[in-house]
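File shown: run-v7.cif (mmCIF, C-alpha atoms).
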data_run
loop_
_atom_site.label_atom_id
_atom_site.label_comp_id
_atom_site.auth_asym_id
_atom_site.auth_seq_id
_atom_site.Cartn_x
_atom_site.Cartn_y
_atom_site.Cartn_z
CA MET L 1 119.10 154.62 136.18
CA GLU L 2 121.60 152.40 137.98
CA ASN L 3 118.72 150.41 139.54
CA ASP L 4 116.63 150.32 136.33
CA PHE L 5 116.81 146.51 135.98
CA VAL L 6 115.62 143.28 137.57
CA ASP L 7 117.78 140.30 138.35
CA LEU L 8 117.20 137.06 136.51
CA LEU L 9 115.69 135.23 139.46
CA THR L 10 113.13 138.01 139.97
CA LEU L 11 112.25 137.84 136.30
CA GLN L 12 111.90 134.09 136.39
CA ARG L 13 109.75 134.14 139.54
CA GLY L 14 107.58 136.78 137.99
CA LEU L 15 107.11 134.62 134.91
CA GLN L 16 106.41 131.64 137.15
CA GLU L 17 103.69 133.48 139.07
CA GLY L 18 102.17 134.92 135.91
CA ILE L 19 102.10 131.64 133.99
CA GLU L 20 100.84 129.54 136.87
CA ASP L 21 98.22 132.17 137.71
CA LEU L 22 97.13 132.15 134.05
CA PHE L 23 96.68 128.37 134.11
CA PRO L 24 95.98 127.45 137.75
CA ASP L 25 94.03 124.28 136.93
CA ARG L 26 94.66 121.23 134.82
CA ILE L 27 94.13 121.87 131.09
CA ARG L 28 93.90 119.54 128.09
CA VAL L 29 96.55 119.98 125.42
CA ARG L 30 96.68 118.38 121.97
CA ALA L 31 100.19 117.98 120.57
CA GLU L 32 102.52 115.68 118.67
CA VAL L 33 105.22 113.74 120.49
CA SER L 34 108.54 114.62 118.87
CA SER L 35 110.72 112.68 121.33
CA VAL L 36 110.25 110.46 124.35
CA GLY L 37 112.59 108.85 126.87
CA VAL L 38 112.37 107.18 130.26
CA LYS L 39 114.96 107.78 132.96
CA GLY L 40 114.76 106.90 136.63
CA GLY L 41 111.15 105.83 136.16
CA HIS L 42 110.15 109.30 134.90
CA CYS L 43 109.02 109.81 131.29
CA TYR L 44 110.44 112.89 129.58
CA LEU L 45 108.78 114.11 126.39
CA GLU L 46 109.13 116.88 123.90
CA LEU L 47 105.83 118.01 122.43
CA CYS L 48 105.39 120.09 119.33
CA GLN L 49 102.87 121.44 116.87
CA THR L 50 103.49 121.62 113.14
CA GLU L 51 101.74 123.48 110.37
CA LYS L 52 102.50 122.72 106.73
CA GLY L 53 105.52 120.71 107.82
CA ARG L 54 106.98 123.52 109.95
CA VAL L 55 107.29 123.41 113.75
CA VAL L 56 105.35 126.36 115.16
CA ALA L 57 105.45 125.47 118.86
CA LYS L 58 107.52 123.24 121.12
CA VAL L 59 107.57 122.48 124.86
CA ARG L 60 109.01 120.00 127.32
CA ALA L 61 106.71 117.67 129.23
CA VAL L 62 107.14 115.07 131.93
CA ILE L 63 105.16 112.23 133.45
CA TRP L 64 106.45 111.70 136.96
CA ARG L 65 107.26 108.19 138.06
CA ASP L 66 104.29 107.86 140.45
CA ARG L 67 101.86 108.36 137.51
CA TYR L 68 103.87 107.02 134.60
CA PHE L 69 103.45 103.34 135.45
CA LEU L 70 99.66 103.64 135.61
CA LEU L 71 99.28 105.94 132.58
CA SER L 72 101.63 103.93 130.36
CA ALA L 73 99.90 100.64 131.23
CA MET L 74 96.49 102.12 130.46
CA PHE L 75 97.70 103.72 127.23
CA ARG L 76 99.34 100.47 126.08
CA GLU L 77 96.22 98.44 126.81
CA GLU L 78 93.99 100.82 124.85
CA THR L 79 96.24 101.49 121.88
CA GLY L 80 98.50 98.43 121.77
CA SER L 81 101.58 100.63 121.86
CA ASP L 82 103.79 102.63 124.19
CA LEU L 83 104.15 106.38 123.80
CA GLN L 84 106.42 107.05 120.85
CA ALA L 85 107.59 109.82 118.58
CA GLY L 86 105.16 110.75 115.84
CA MET L 87 102.02 110.16 117.89
CA THR L 88 99.41 112.82 118.40
CA ILE L 89 98.21 112.83 121.99
CA LEU L 90 95.58 114.59 124.07
CA ALA L 91 96.95 115.08 127.57
CA GLY L 92 95.63 116.55 130.78
CA VAL L 93 98.50 118.72 132.06
CA ARG L 94 99.42 121.19 134.71
CA VAL L 95 101.58 124.12 133.62
CA SER L 96 104.80 124.40 135.62
CA TYR L 97 107.46 127.06 135.38
CA HIS L 98 110.81 126.62 137.12
CA GLU L 99 113.38 129.34 137.64
CA VAL L 100 116.14 127.07 136.27
CA PHE L 101 114.40 124.61 133.94
CA GLY L 102 111.80 126.93 132.46
CA LEU L 103 108.39 125.88 131.18
CA THR L 104 107.33 122.25 131.60
CA LEU L 105 103.97 120.55 131.18
CA VAL L 106 103.36 117.93 133.87
CA VAL L 107 101.20 115.22 132.30
CA GLU L 108 98.57 113.78 134.63
CA GLU L 109 96.15 112.23 132.12
CA LEU L 110 96.27 110.69 128.64
CA ASP L 111 93.32 110.18 126.29
CA PRO L 112 94.09 107.09 124.11
CA GLY L 113 90.93 107.69 122.08
CA MET L 114 92.37 110.90 120.71
CA THR L 115 95.53 109.12 119.56
CA LEU L 116 93.57 106.31 117.93
CA GLY L 117 91.22 108.80 116.31
CA GLU L 118 94.08 110.79 114.83
CA GLN L 119 95.55 107.69 113.27
CA GLU L 120 92.18 106.72 111.81
CA ARG L 121 91.75 110.26 110.45
CA ILE L 122 95.07 110.03 108.63
CA ARG L 123 94.09 106.61 107.27
CA ARG L 124 90.76 107.87 105.93
CA GLU L 125 92.33 110.95 104.38
CA THR L 126 94.87 108.78 102.58
CA ILE L 127 92.16 106.47 101.22
CA ALA L 128 90.01 109.38 100.09
CA LYS L 129 92.90 111.03 98.26
CA LEU L 130 93.93 107.82 96.50
CA GLU L 131 90.32 107.12 95.48
CA GLU L 132 90.05 110.65 94.08
CA GLU L 133 93.19 110.01 92.03
CA GLY L 134 91.85 106.65 90.81
CA LEU L 135 94.74 104.71 92.34
CA ILE L 136 93.06 102.40 94.86
CA ASP L 137 92.60 99.52 92.39
CA ARG L 138 95.37 100.30 89.89
CA GLN L 139 97.68 97.52 91.10
CA LYS L 140 94.90 94.95 90.74
CA SER L 141 94.79 95.62 86.99
CA LEU L 142 98.36 94.28 86.67
CA THR L 143 99.14 90.65 85.81
CA LEU L 144 101.24 88.37 87.97
CA PRO L 145 103.12 85.73 85.90
CA ASP L 146 101.75 82.20 86.16
CA LEU L 147 105.05 81.10 87.69
CA PRO L 148 106.73 84.10 89.38
CA TYR L 149 110.43 83.37 89.79
CA ARG L 150 112.30 86.65 90.38
CA LEU L 151 111.12 88.20 93.65
CA ALA L 152 112.28 91.48 95.22
CA VAL L 153 111.70 91.52 98.99
CA ILE L 154 111.54 94.73 101.04
CA SER L 155 112.31 94.12 104.70
CA THR L 156 115.15 94.30 107.19
CA ASP L 157 117.87 91.66 107.13
CA THR L 158 117.37 90.80 110.82
CA ALA L 159 113.56 90.65 110.75
CA ALA L 160 112.02 87.35 111.82
CA GLY L 161 109.37 87.69 109.10
CA TRP L 162 112.04 87.87 106.39
CA GLY L 163 113.78 84.81 107.83
CA ASP L 164 110.52 82.84 108.01
CA PHE L 165 109.60 83.76 104.44
CA ARG L 166 113.00 82.91 102.99
CA HIS L 167 113.22 79.57 104.81
CA HIS L 168 109.67 78.53 103.93
CA LEU L 169 110.00 79.49 100.26
CA THR L 170 113.54 78.48 99.32
CA GLU L 171 113.76 75.29 101.40
CA ASN L 172 110.40 73.90 100.31
CA GLU L 173 109.87 70.15 100.23
CA TYR L 174 108.99 70.15 96.52
CA GLY L 175 112.35 71.38 95.31
CA PHE L 176 110.94 74.47 93.58
CA ARG L 177 113.56 77.16 92.99
CA PHE L 178 113.17 80.95 93.24
CA GLN L 179 115.44 83.98 92.88
CA VAL L 180 114.86 86.11 95.99
CA ASP L 181 116.70 89.44 96.44
CA LEU L 182 116.46 91.57 99.60
CA PHE L 183 116.14 95.37 99.43
CA GLU L 184 116.61 96.58 103.00
CA ALA L 185 114.42 99.33 104.45
CA THR L 186 113.31 100.75 107.78
CA MET L 187 109.96 99.10 108.51
CA GLN L 188 108.51 101.28 111.28
CA GLY L 189 108.68 104.82 112.58
CA GLU L 190 108.73 108.22 110.94
CA SER L 191 111.46 107.34 108.45
CA ALA L 192 109.81 104.11 107.30
CA PRO L 193 107.58 105.48 104.48
CA ALA L 194 110.47 107.18 102.69
CA SER L 195 112.78 104.21 103.28
CA ILE L 196 110.27 101.68 101.90
CA SER L 197 109.51 103.94 98.93
CA ASP L 198 113.23 104.19 98.15
CA ALA L 199 113.48 100.38 98.26
CA ILE L 200 110.57 100.05 95.83
CA ASP L 201 112.23 102.52 93.47
CA ALA L 202 115.51 100.59 93.72
CA ALA L 203 113.78 97.30 92.84
CA VAL L 204 112.00 98.89 89.87
CA ALA L 205 115.24 100.48 88.62
CA SER L 206 117.21 97.23 89.00
CA LYS L 207 118.57 95.56 85.89
CA GLU L 208 116.82 92.42 87.10
CA PRO L 209 113.25 92.26 85.71
CA TYR L 210 111.38 91.27 88.87
CA ASP L 211 108.07 89.44 88.59
CA ALA L 212 106.82 90.82 91.92
CA ILE L 213 107.85 93.08 94.81
CA LEU L 214 107.05 91.83 98.30
CA ILE L 215 106.78 94.03 101.41
CA LEU L 216 107.35 91.95 104.55
CA ARG L 217 106.82 93.11 108.13
CA GLY L 218 106.28 90.97 111.22
CA GLY L 219 103.61 91.65 113.80
CA GLY L 220 103.30 94.91 115.69
CA SER L 221 100.90 97.38 117.21
CA ASN L 222 98.77 99.71 115.10
CA PHE L 223 101.20 102.51 115.85
CA ASP L 224 104.19 100.41 114.85
CA LEU L 225 102.44 99.85 111.54
CA ALA L 226 101.03 103.36 111.12
CA CYS L 227 103.66 104.06 108.45
CA PHE L 228 101.67 101.81 106.09
CA ASP L 229 98.88 104.41 106.08
CA ASP L 230 101.25 107.11 104.83
CA TYR L 231 99.99 108.74 101.63
CA GLY L 232 103.41 109.04 99.98
CA LEU L 233 104.21 105.35 100.48
CA CYS L 234 100.76 104.19 99.39
CA PHE L 235 100.90 106.42 96.31
CA ASN L 236 104.22 104.83 95.38
CA ILE L 237 102.82 101.31 95.82
CA ALA L 238 99.71 102.08 93.78
CA SER L 239 101.72 103.72 90.99
CA CYS L 240 104.25 100.90 90.63
CA ASP L 241 104.09 98.91 87.37
CA ILE L 242 105.28 95.70 89.05
CA PRO L 243 102.75 93.76 91.17
CA ILE L 244 103.37 94.49 94.87
CA LEU L 245 102.22 92.00 97.48
CA THR L 246 102.15 92.81 101.20
CA ALA L 247 102.50 90.63 104.27
CA ILE L 248 102.55 93.14 107.09
CA GLY L 249 101.76 90.68 109.86
CA HIS L 250 98.65 92.08 111.48
CA GLU L 251 95.43 90.21 112.15
CA ARG L 252 92.83 92.94 112.65
CA ASP L 253 92.82 96.03 110.46
CA ARG L 254 94.06 96.32 106.90
CA HIS L 255 96.33 99.28 106.35
CA VAL L 256 96.09 101.43 103.25
CA ALA L 257 99.21 99.78 101.82
CA ASP L 258 97.26 96.50 101.85
CA LEU L 259 94.30 98.10 100.08
CA VAL L 260 96.32 99.49 97.19
CA ALA L 261 98.62 96.47 96.77
CA TYR L 262 98.08 93.82 94.10
CA GLN L 263 97.34 91.34 96.90
CA ASP L 264 97.80 91.17 100.66
CA VAL L 265 98.09 88.27 103.08
CA LYS L 266 98.39 88.16 106.86
CA THR L 267 101.92 86.85 107.40
CA PRO L 268 105.22 86.41 105.50
CA THR L 269 104.84 82.61 105.73
CA ALA L 270 101.40 82.83 104.15
CA LEU L 271 102.93 84.86 101.33
CA ALA L 272 105.53 82.13 100.75
CA ASP L 273 102.68 79.60 100.60
CA LEU L 274 100.95 81.73 97.96
CA PHE L 275 103.90 81.37 95.59
CA LEU L 276 104.40 77.69 96.40
CA ASP L 277 100.72 77.02 95.68
CA LEU L 278 101.13 78.52 92.20
CA TYR L 279 103.93 76.06 91.46
CA ILE L 280 102.10 73.14 93.08
CA GLY L 281 99.03 73.89 90.97
CA GLU L 282 101.13 74.02 87.79
CA ASP L 283 102.88 70.79 88.77
CA GLU L 284 99.53 69.08 89.32
CA THR L 285 98.29 70.34 85.95
CA ILE L 286 101.36 68.95 84.19
CA SER L 287 100.98 65.66 86.09
CA SER L 288 97.36 65.43 84.98
CA TYR L 289 98.46 65.96 81.37
CA VAL L 290 101.06 63.20 81.72
CA THR L 291 98.44 60.86 83.16
CA ARG L 292 96.01 61.67 80.37
CA LEU L 293 98.71 61.14 77.70
CA ARG L 294 99.75 57.86 79.29
CA LEU L 295 96.13 56.68 79.40
CA ALA L 296 95.52 57.75 75.81
CA PHE L 297 98.68 55.91 74.69
CA VAL L 298 97.67 52.73 76.53
CA ASN L 299 94.15 52.91 75.05
CA LYS L 300 95.64 53.39 71.59
CA LEU L 301 97.91 50.37 72.05
CA ASN L 302 94.99 48.28 73.30
CA ALA L 303 92.88 49.29 70.30
CA MET L 304 95.70 48.43 67.89
CA SER L 305 96.26 45.10 69.65
CA SER L 306 92.56 44.26 69.32
CA ARG L 307 92.64 45.07 65.61
CA ILE L 308 95.72 42.89 65.13
CA GLU L 309 94.07 40.01 66.94
CA LEU L 310 90.94 40.37 64.82
CA LEU L 311 93.00 40.48 61.63
CA ALA L 312 94.95 37.42 62.72
CA SER L 313 91.68 35.58 63.33
CA ARG L 314 90.45 36.51 59.87
CA ILE L 315 93.72 35.42 58.27
CA LYS L 316 93.62 32.16 60.14
CA ALA L 317 90.00 31.58 59.14
CA ALA L 318 90.92 32.20 55.49
CA ASP L 319 93.93 29.81 55.58
CA PRO L 320 93.16 26.77 53.26
CA ARG L 321 94.89 24.50 55.74
CA GLY L 322 92.17 25.25 58.17
CA ILE L 323 89.56 24.20 55.63
CA LEU L 324 91.46 21.03 54.70
CA SER L 325 91.68 20.04 58.35
CA ARG L 326 87.90 19.82 58.40
CA GLY L 327 87.91 16.96 55.73
CA TYR L 328 87.99 18.96 52.54
CA ALA L 329 90.52 18.53 49.66
CA LEU L 330 92.01 20.99 47.17
CA ALA L 331 92.74 20.10 43.53
CA THR L 332 95.35 21.82 41.35
CA ASP L 333 96.56 21.21 37.82
CA ALA L 334 100.11 20.28 36.94
CA LYS L 335 101.11 23.98 37.17
CA GLY L 336 99.67 24.34 40.66
CA VAL L 337 96.64 26.37 39.54
CA ILE L 338 93.62 25.66 41.70
CA LEU L 339 90.92 23.79 39.83
CA LYS L 340 87.55 25.32 40.46
CA SER L 341 85.62 23.22 37.92
CA ALA L 342 85.82 19.72 36.38
CA ALA L 343 85.53 21.33 32.97
CA ALA L 344 89.04 22.64 33.34
CA VAL L 345 90.63 19.17 32.99
CA GLN L 346 90.54 16.45 30.41
CA PRO L 347 91.12 12.71 30.67
CA GLY L 348 94.83 12.03 30.91
CA ASP L 349 95.63 15.37 32.67
CA ARG L 350 97.79 15.29 35.74
CA VAL L 351 95.98 16.56 38.90
CA ASP L 352 97.33 17.05 42.40
CA VAL L 353 94.93 16.59 45.29
CA LEU L 354 95.90 18.28 48.59
CA PHE L 355 94.74 17.02 51.95
CA ALA L 356 95.53 18.38 55.40
CA ASP L 357 98.14 15.67 55.92
CA GLY L 358 99.60 15.36 52.43
CA LYS L 359 99.20 15.44 48.63
CA LEU L 360 98.18 12.86 45.99
CA ASN L 361 99.53 12.95 42.43
CA CYS L 362 96.71 11.74 40.17
CA THR L 363 95.89 11.17 36.44
CA VAL L 364 92.37 11.87 35.20
CA ASP L 365 90.88 8.68 33.72
CA GLY L 366 87.60 10.27 32.76
CA LYS L 367 84.92 12.73 33.67
CA VAL L 368 81.39 11.94 34.89
#

Translate the structure described by the file into structure tokens.
Amino acid sequence: MENDFVDLLTLQRGLQEGIEDLFPDRIRVRAEVSSVGVKGGHCYLELCQTEKGRVVAKVRAVIWRDRYFLLSAMFREETGSDLQAGMTILAGVRVSYHEVFGLTLVVEELDPGMTLGEQERIRRETIAKLEEEGLIDRQKSLTLPDLPYRLAVISTDTAAGWGDFRHHLTENEYGFRFQVDLFEATMQGESAPASISDAIDAAVASKEPYDAILILRGGGSNFDLACFDDYGLCFNIASCDIPILTAIGHERDRHVADLVAYQDVKTPTALADLFLDLYIGEDETISSYVTRLRLAFVNKLNAMSSRIELLASRIKAADPRGILSRGYALATDAKGVILKSAAAVQPGDRVDVLFADGKLNCTVDGKV
């Protein structure tokens, strides 16, 4: 009974032989990267598998320095991103068991297509679920004010995209003024969806009645922006009663957040231009009204002036002095009443005869 045991080293070597005999060749393993770090040129990873949000398996993995440079360059070229936590990878590995360090998977190959495919699968599942719930186009049924003034921006304070947007919008050459409030959030990584959703909720709950909520994010790889395909975040965007506009800064694919938003543009600067164009358009409309009013007023004045001139001409034409100047004379009785007939006077009556250059005082000697 005293020798009824094995020492730890024997146990570990037995496990080593058994495990490595069980998997003598390279095998392909599908797993999620839960952590990654590079030290001394070697890449150390922790891989896991989750089911219904619970970790059901976990293992250490390593890409030795002599292969890491080549694999990482190839992976970056195909996917646009370095290995990072949250990715699902398909790796060709050799199983290694060490008496001190335990089980380790030595990564010798990476399949970028698997990683890209997994991301696309998540994207399609999110779209399908939102379509089933009738939320894909809900935001587009909202109404953006003609002149949006109060804007809630979701970004990080140090992000270049936020700085570009703020400068372009608030320091515009036209002098237009906006109220712009920043609600900070994490804009990439596993915590981003919840952080952005919290920022949306904070903007909605604010005492300030915002006209629009803007989600700003500068450029990045598809994996940097994978958070914008998250169902929870996209559901929150689609369900919001305030128009949400996105400027996530990517040129190729539209993420689900773009699809469900009220409107999406490519860059934060382009989003600033969108709001400036609304004000420029309104300014031009007002200017056109001013021009039309000014023209109508001038035309009215010209018409009135023409009528006055015509009336003056008629008055002048009817002025007796004008008639007298042409050689005619005007006769009045002693009371100044115009004589229109010789029958109105009798011999001996006083008559005044008016000429253009003077008046004659006459006495009627007789009538013919």

Using all atoms listed in the file, determine which residues lie at most 9 Å from Cys43 (chain L), disregarding the query and same-chain residues fewer than 3 positions distant; provide the list as a VMD selection string.
-> chain L and resid 36 to 40 61 to 65 68

Using the chain letters and numbers from the file, give me the residues hit by the PyMOL selection byres ((chain L and resi 81) around 10), as a list of chain:residue names.
-> L:Ser72, L:Ala73, L:Phe75, L:Arg76, L:Glu77, L:Glu78, L:Thr79, L:Gly80, L:Asp82, L:Leu83, L:Gln84, L:Gly220, L:Ser221, L:Asn222, L:Phe223, L:Asp224

Result set, the PyMOL selection byres ((chain L and resi 214) around 10) on current file, as an MDAnalysis selection string = chainID L and resid 151:155 180 182:183 200 212:213 215:217 243:248 261 263:264 268 271

Kindly indicate which residue among L:Asp146, L:Ser313, L:Phe23, L:Glu125 lies nearest to Glu282 (chain L), using all atoms listed in the file for the distances.
-> L:Asp146

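For the set L:Glu120, L:Asp25, L:Leu8, L:Thr50, the residue with the smallest atom-to-atom gap to Glu108 (chain L) is L:Asp25, counting all atoms listed in the file.
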
Matched chain/residue IDs from the PyMOL selection byres ((chain L and resi 201) around 12), as a PyMOL selection string | chain L and resi 152+154+183+185+194-200+202-206+213+233+236-237+239-242

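Rounded to one decimal, CA of Tyr279 (chain L) and CA of Phe176 (chain L) lie 7.5 Å from each other.
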
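Between Glu131 (chain L) and the candidates L:Leu71, L:Ala272, L:Cys234, L:Ile338, the tightest atom-to-atom separation, counting all atoms listed in the file, involves L:Cys234.
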
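Atom pair CA of Val93 (chain L) / CA of Arg30 (chain L): separated by 10.3 Å.
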
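Among the candidate residues L:Ala270, L:Ala257, L:Leu360, L:Leu90, the one lying nearest to Gly161 (chain L) is L:Ala270, with distances computed using only C-alpha atoms.
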
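CA of Arg177 (chain L) is positioned 16.7 Å from CA of Glu208 (chain L).
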
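Residue nearest Arg94 (chain L) within the list L:Gln16, L:Ser306, L:Arg28, L:Arg254: L:Arg28 [criterion: smallest interatomic distance, all atoms listed in the file].
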
Contacts of Gly117 (chain L) at 10 Å or less, counting all atoms listed in the file, minus same-chain residues fewer than 6 places along, as a ChimeraX atom specification?
-> /L:88-89,123

Near Thr363 (chain L), counting only C-alpha atoms, which residues have an atom at most 10 Å away, once you skip same-chain residues fewer than 5 positions from it, shown as an mmCIF file with C-alpha atoms, in the frame of the given file?
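Dumped everything to around.cif:
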data_model
loop_
_atom_site.group_PDB
_atom_site.id
_atom_site.type_symbol
_atom_site.label_atom_id
_atom_site.label_comp_id
_atom_site.auth_asym_id
_atom_site.auth_seq_id
_atom_site.Cartn_x
_atom_site.Cartn_y
_atom_site.Cartn_z
ATOM 1 C CA GLN L 346 90.540 16.450 30.410
ATOM 2 C CA PRO L 347 91.120 12.710 30.670
ATOM 3 C CA GLY L 348 94.830 12.030 30.910
ATOM 4 C CA ASP L 349 95.630 15.370 32.670
ATOM 5 C CA ARG L 350 97.790 15.290 35.740
ATOM 6 C CA VAL L 351 95.980 16.560 38.900
ATOM 7 C CA ASP L 352 97.330 17.050 42.400
#

Taking into account all atoms listed in the file, which residue in the set L:Asp137, L:Thr186, L:Lys266, L:Ile323 is nearest to Ala159 (chain L)?
-> L:Thr186

Mind checking which residues fall within 10 Å of Pro320 (chain L), counting all atoms listed in the file, ignoring those fewer than 6 positions away in the same chain, and posting them as a PyMOL selection string?
-> chain L and resi 328-330+355-356
